[in-house]
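Pasting query.cif here (mmCIF, C-alpha atoms):
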data_final
loop_
_atom_site.label_atom_id
_atom_site.label_comp_id
_atom_site.auth_asym_id
_atom_site.auth_seq_id
_atom_site.Cartn_x
_atom_site.Cartn_y
_atom_site.Cartn_z
CA MET A 1 -3.37 31.45 12.79
CA LYS A 2 -4.88 28.40 14.44
CA MET A 3 -7.11 26.20 12.30
CA ILE A 4 -8.66 22.76 12.47
CA PHE A 5 -7.65 20.41 9.68
CA ALA A 6 -10.38 17.78 9.38
CA THR A 7 -8.12 14.75 9.16
CA GLY A 8 -6.85 11.92 11.28
CA ASN A 9 -4.09 11.14 8.78
CA ALA A 10 -0.71 11.99 10.32
CA GLY A 11 0.94 12.13 6.89
CA LYS A 12 -1.56 14.67 5.61
CA LEU A 13 -1.21 16.77 8.78
CA ARG A 14 2.58 16.85 8.51
CA GLU A 15 2.44 17.68 4.81
CA ALA A 16 -0.11 20.47 5.30
CA SER A 17 1.89 22.00 8.16
CA GLU A 18 5.04 22.04 6.03
CA ILE A 19 3.23 23.52 3.03
CA LEU A 20 1.46 26.29 4.96
CA GLY A 21 4.58 27.11 6.98
CA GLU A 22 5.02 29.63 9.75
CA GLY A 23 1.98 31.58 10.80
CA PHE A 24 -0.36 28.61 10.65
CA GLU A 25 -0.93 26.24 13.55
CA LEU A 26 -2.92 23.17 12.56
CA VAL A 27 -4.87 21.11 15.06
CA THR A 28 -6.87 17.95 14.48
CA PRO A 29 -10.47 17.09 15.37
CA ALA A 30 -9.09 14.76 18.06
CA SER A 31 -7.97 17.88 19.95
CA PHE A 32 -11.66 18.63 20.40
CA GLY A 33 -12.65 15.09 21.33
CA ILE A 34 -13.82 14.20 17.83
CA THR A 35 -12.26 10.81 17.22
CA GLU A 36 -14.92 9.06 15.13
CA ASP A 37 -14.54 8.60 11.38
CA ILE A 38 -15.78 11.73 9.62
CA PRO A 39 -18.45 10.88 7.05
CA GLU A 40 -17.47 11.16 3.38
CA ASP A 41 -20.11 9.44 1.30
CA GLY A 42 -20.47 11.98 -1.50
CA ASP A 43 -20.05 11.03 -5.14
CA THR A 44 -17.52 13.77 -5.92
CA LEU A 45 -14.35 15.07 -4.29
CA GLU A 46 -16.05 18.44 -3.87
CA ALA A 47 -18.98 16.89 -2.00
CA ASN A 48 -16.75 14.87 0.32
CA SER A 49 -14.49 17.82 1.09
CA ALA A 50 -17.48 20.01 1.97
CA GLN A 51 -19.10 17.24 4.01
CA LYS A 52 -16.02 16.78 6.17
CA ALA A 53 -15.55 20.52 6.75
CA ASP A 54 -19.23 20.94 7.64
CA TYR A 55 -19.05 18.01 10.07
CA ILE A 56 -16.22 19.63 12.04
CA HIS A 57 -17.64 23.16 11.87
CA GLU A 58 -21.04 22.02 13.12
CA ARG A 59 -19.41 20.39 16.16
CA THR A 60 -16.89 23.11 17.04
CA GLY A 61 -18.17 26.35 15.54
CA LEU A 62 -14.58 27.13 14.59
CA ASP A 63 -12.88 27.92 11.28
CA CYS A 64 -11.65 24.73 9.67
CA PHE A 65 -10.74 23.11 6.40
CA ALA A 66 -10.93 19.65 4.89
CA ASP A 67 -9.62 18.05 1.76
CA ASP A 68 -10.59 15.13 -0.38
CA THR A 69 -8.14 13.69 -2.83
CA GLY A 70 -8.63 11.28 -5.67
CA LEU A 71 -6.32 9.39 -7.97
CA GLU A 72 -7.81 9.39 -11.46
CA VAL A 73 -6.37 6.79 -13.85
CA ASP A 74 -7.33 7.28 -17.49
CA CYS A 75 -7.38 3.63 -18.59
CA LEU A 76 -9.59 2.80 -15.59
CA ASP A 77 -12.14 5.46 -16.58
CA GLY A 78 -11.09 7.76 -13.77
CA ALA A 79 -11.00 5.12 -11.02
CA PRO A 80 -10.32 4.90 -8.16
CA GLY A 81 -11.51 8.53 -7.90
CA VAL A 82 -13.62 9.16 -4.79
CA TYR A 83 -12.81 5.61 -3.66
CA THR A 84 -9.05 6.24 -3.65
CA ALA A 85 -8.56 5.72 0.10
CA ARG A 86 -10.73 2.59 0.19
CA TYR A 87 -10.10 1.13 -3.26
CA ALA A 88 -9.36 -2.35 -1.92
CA GLY A 89 -12.32 -2.15 0.45
CA PRO A 90 -13.03 -0.65 3.89
CA GLY A 91 -10.27 -1.14 6.42
CA HIS A 92 -7.59 -2.05 3.89
CA ARG A 93 -4.13 -0.51 3.89
CA PHE A 94 -2.67 1.57 1.06
CA GLU A 95 -0.42 -1.39 0.26
CA ASP A 96 -3.60 -3.31 -0.62
CA ASN A 97 -4.93 -0.36 -2.61
CA MET A 98 -1.72 -0.14 -4.63
CA ASP A 99 -1.69 -3.88 -5.25
CA LYS A 100 -5.25 -3.74 -6.54
CA LEU A 101 -4.44 -0.75 -8.76
CA LEU A 102 -1.42 -2.46 -10.33
CA LYS A 103 -3.44 -5.64 -10.87
CA GLU A 104 -6.33 -3.77 -12.51
CA MET A 105 -3.91 -1.97 -14.82
CA ALA A 106 -2.14 -5.21 -15.74
CA LEU A 107 -5.50 -6.59 -16.87
CA LYS A 108 -5.75 -3.71 -19.35
CA GLY A 109 -2.68 -5.01 -21.18
CA PRO A 110 0.79 -3.61 -21.84
CA ASP A 111 -0.39 -1.07 -24.40
CA ALA A 112 -2.94 0.62 -22.14
CA PRO A 113 -2.05 4.24 -21.33
CA ARG A 114 -0.75 4.71 -17.78
CA THR A 115 -1.54 8.42 -17.57
CA ALA A 116 -3.13 9.56 -14.34
CA ARG A 117 -3.49 12.51 -12.02
CA PHE A 118 -4.01 13.28 -8.38
CA ARG A 119 -6.67 15.91 -7.71
CA SER A 120 -7.25 17.58 -4.35
CA VAL A 121 -10.21 19.73 -3.39
CA VAL A 122 -9.93 21.79 -0.20
CA THR A 123 -12.99 23.33 1.44
CA LEU A 124 -12.31 26.16 3.89
CA ILE A 125 -15.01 27.34 6.26
CA LYS A 126 -14.06 30.83 7.37
CA ASP A 127 -16.45 33.11 9.26
CA GLY A 128 -19.30 30.85 8.17
CA GLY A 129 -18.49 31.08 4.46
CA HIS A 130 -17.36 28.20 2.24
CA HIS A 131 -14.34 28.67 -0.02
CA VAL A 132 -13.05 25.96 -2.38
CA PHE A 133 -9.51 25.48 -3.71
CA GLU A 134 -8.23 22.82 -6.10
CA GLY A 135 -4.87 21.41 -7.09
CA VAL A 136 -3.81 18.82 -9.69
CA MET A 137 -0.62 16.81 -10.20
CA GLU A 138 -0.35 15.12 -13.59
CA GLY A 139 1.69 11.98 -14.14
CA ARG A 140 1.47 8.25 -14.72
CA ILE A 141 1.30 4.97 -12.84
CA ALA A 142 4.57 3.08 -12.44
CA LEU A 143 4.88 -0.61 -13.37
CA LYS A 144 5.82 -1.46 -9.79
CA LYS A 145 6.18 0.14 -6.37
CA ALA A 146 9.39 2.03 -5.61
CA GLY A 147 10.55 4.30 -2.80
CA CYS A 148 9.66 4.60 0.86
CA GLY A 149 8.88 8.30 1.25
CA GLY A 150 5.52 10.04 1.34
CA PHE A 151 2.35 8.08 1.94
CA GLY A 152 -0.66 6.68 0.13
CA TYR A 153 -0.07 5.88 -3.54
CA ASP A 154 3.25 7.76 -3.74
CA PRO A 155 5.29 4.56 -4.44
CA VAL A 156 3.35 3.91 -7.67
CA PHE A 157 2.86 7.48 -8.96
CA ILE A 158 5.35 9.21 -11.25
CA SER A 159 4.91 12.96 -11.62
CA ASP A 160 5.47 14.59 -15.00
CA VAL A 161 7.89 16.97 -13.22
CA TYR A 162 10.14 14.09 -12.05
CA PRO A 163 9.63 11.50 -14.82
CA ASP A 164 12.35 9.07 -13.74
CA VAL A 165 11.29 8.35 -10.14
CA THR A 166 8.13 7.80 -8.15
CA VAL A 167 6.87 10.50 -5.82
CA ALA A 168 7.99 8.26 -2.93
CA GLU A 169 11.58 8.62 -4.19
CA ILE A 170 11.79 12.42 -4.19
CA PRO A 171 12.46 14.58 -1.10
CA GLU A 172 9.43 15.74 0.85
CA GLU A 173 10.16 19.39 0.09
CA ALA A 174 10.25 18.65 -3.65
CA LYS A 175 7.00 16.70 -3.42
CA ASN A 176 5.24 19.50 -1.54
CA ALA A 177 6.30 21.98 -4.23
CA ILE A 178 4.53 20.04 -7.00
CA SER A 179 1.80 18.10 -5.25
CA HIS A 180 -1.93 18.44 -5.80
CA ARG A 181 -2.54 19.08 -2.10
CA GLY A 182 0.33 21.57 -2.01
CA LYS A 183 -1.18 23.60 -4.84
CA ALA A 184 -4.62 23.64 -3.21
CA LEU A 185 -3.28 24.55 0.24
CA ARG A 186 -1.04 27.30 -1.12
CA ALA A 187 -4.06 28.75 -2.92
CA MET A 188 -5.95 28.66 0.39
CA ALA A 189 -3.06 30.30 2.25
CA GLU A 190 -2.86 33.04 -0.39
CA TRP A 191 -6.60 33.66 -0.03
CA LEU A 192 -6.22 33.94 3.76
CA ARG A 193 -3.32 36.37 3.39
CA GLU A 194 -5.30 38.52 0.99
CA HIS A 195 -8.16 38.62 3.46
CA GLY A 196 -5.99 39.77 6.33
CA ASP A 197 -5.40 36.52 8.19
CA ARG A 198 -1.97 35.09 8.72
#

Would you encode the structure as structure tokens?
Amino acid sequence: MKMIFATGNAGKLREASEILGEGFELVTPASFGITEDIPEDGDTLEANSAQKADYIHERTGLDCFADDTGLEVDCLDGAPGVYTARYAGPGHRFEDNMDKLLKEMALKGPDAPRTARFRSVVTLIKDGGHHVFEGVMEGRIALKKAGCGGFGYDPVFISDVYPDVTVAEIPEEAKNAISHRGKALRAMAEWLREHGDR
């Protein structure tokens, strides 16, 4: 099944392809000449996910899906949340985002809870209908960056499932099995299988 994944992030595309597995062929908006930044100015993950899927569907008329993911840190009142990808400001790298996160947490003091979660919301547009799937990965923020795998905030996030290492230190297959995006995409794939598409 060929579908458009509304992302320009190579890491996300690779991860989604591995999670969905055989039977799904993912293409990017760039394959259809859509190379501009896709708007995502909603105030919730759900709104951003839907906005991105709608943007691609309106321009191609094809089935597609989009995700929006947020890192929610308890001692920061749920920040960075919808600003996860641009926490350090527009155009900054994830290294800058992680540095800002660690600095903000340090300001909270050594006794502040470090509990956090990644939450992904996937919006699928199939035959004109909108379908929403969600996945969560609970864990905590590390004291410092470690590991070189994955992407985004993986070097500072420790999953409850692997409490001794950051997500950037576990194999990609293990990460995909427990990740927020993995859970949401597997729920989407199951929905597609149940509805006769594979």

*List, as a PyMOL selection string, every residue that the PyMOL selection byres ((chain A and resi 32) around 10) selects in the file provided.*
chain A and resi 4+27-31+33-35+56+59-60

*Could you check which of A:Tyr55, A:Phe24, A:Phe65, A:Trp191 is closest to Ile125 in chain A, using all atoms listed in the file?*
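Among the listed residues, A:Phe65 lies closest to Ile125 in chain A.
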
*Taking the file as shown, find all residues satisfying the PyMOL selection byres ((chain A and resi 6-10) around 12) and write them as a PyMOL selection string.*
chain A and resi 3-5+11-17+26-32+34-40+48-57+59-60+62-68+85+122-125+150-152

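If you measure from each of A:Leu192, A:Leu71, A:Ile158, A:Ala112 to Ile141 in chain A using all atoms listed in the file, the closest one turns out to be A:Ile158.
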
_Calculated over only C-alpha atoms, which of the candidates A:Lys183, A:Ala146, A:Asp41, A:Cys75 has the smallest distance to Asp111 in chain A?_
A:Cys75

*Extract, using all atoms listed in the file, all DNA, RNA and protein residues at most 9 Å from Gly81 in chain A, discarding same-chain residues fewer than 5 positions from it, and format them as a PyMOL selection string.*
chain A and resi 44-45+69-73+87+118-119

*In Å, how far is it from CA of His180 in chain A to CA of Gly139 in chain A?*
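Computed distance, CA of His180 in chain A to CA of Gly139 in chain A, equals 11.2 Å.
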
*Can you tell me how far CA of Lys108 in chain A sits from CA of Leu76 in chain A, in Å to one decimal?*
8.4 Å

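We find CA of Glu134 in chain A and CA of Lys100 in chain A to be spaced 26.7 Å apart.
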
*Would you write out, as JSON, numbers by chain, every residue that the PyMOL selection byres ((chain A and resi 105) around 12) captures in this file?*
{"A": [73, 74, 75, 76, 77, 79, 80, 98, 99, 100, 101, 102, 103, 104, 106, 107, 108, 109, 110, 111, 112, 113, 114, 115, 116, 140, 141, 142, 143, 144, 156]}

Please produce a file of those selected residues containing C-alpha atoms, as a compact mmCIF listing (two decimals), in the frame of the given file.
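Saved result, again34.txt, follows:
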# COMPACT_ATOMS: atom_id res chain seq x y z
CA VAL A 73 -6.37 6.79 -13.85
CA ASP A 74 -7.33 7.28 -17.49
CA CYS A 75 -7.38 3.63 -18.59
CA LEU A 76 -9.59 2.80 -15.59
CA ASP A 77 -12.14 5.46 -16.58
CA ALA A 79 -11.00 5.12 -11.02
CA PRO A 80 -10.32 4.90 -8.16
CA MET A 98 -1.72 -0.14 -4.63
CA ASP A 99 -1.69 -3.88 -5.25
CA LYS A 100 -5.25 -3.74 -6.54
CA LEU A 101 -4.44 -0.75 -8.76
CA LEU A 102 -1.42 -2.46 -10.33
CA LYS A 103 -3.44 -5.64 -10.87
CA GLU A 104 -6.33 -3.77 -12.51
CA ALA A 106 -2.14 -5.21 -15.74
CA LEU A 107 -5.50 -6.59 -16.87
CA LYS A 108 -5.75 -3.71 -19.35
CA GLY A 109 -2.68 -5.01 -21.18
CA PRO A 110 0.79 -3.61 -21.84
CA ASP A 111 -0.39 -1.07 -24.40
CA ALA A 112 -2.94 0.62 -22.14
CA PRO A 113 -2.05 4.24 -21.33
CA ARG A 114 -0.75 4.71 -17.78
CA THR A 115 -1.54 8.42 -17.57
CA ALA A 116 -3.13 9.56 -14.34
CA ARG A 140 1.47 8.25 -14.72
CA ILE A 141 1.30 4.97 -12.84
CA ALA A 142 4.57 3.08 -12.44
CA LEU A 143 4.88 -0.61 -13.37
CA LYS A 144 5.82 -1.46 -9.79
CA VAL A 156 3.35 3.91 -7.67

Go ahead and fit an axis-aligned box to every listed atom of range 164-182 of chain A plus 5 Å each side, and pass me the centre and edge lengths in Å, one decimal, as lines of an AutoDock Vina configuration file.
center_x = 5.0
center_y = 14.9
center_z = -6.4
size_x = 25.0
size_y = 24.2
size_z = 24.6

*Considering all atoms listed in the file, state which residue in the set A:Gly149, A:Pro163, A:Gly182, A:Gly42 is at the smallest distance from Tyr83 in chain A.*
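The shortest atom-to-atom distance to Tyr83 in chain A comes from A:Gly42.
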
*Considering only C-alpha atoms, state which residue in the set A:Ser159, A:Asn97, A:Asn176, A:Thr166 is at the smallest distance from Thr84 in chain A.*
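Residue with the minimum atom-to-atom distance to Thr84 in chain A: A:Asn97.
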
*asked:* When you count all atoms listed in the file, which of these residues is closest to Ser179 in chain A: A:Val132, A:Ala47, A:Ile19, A:Val165?
replied: A:Ile19
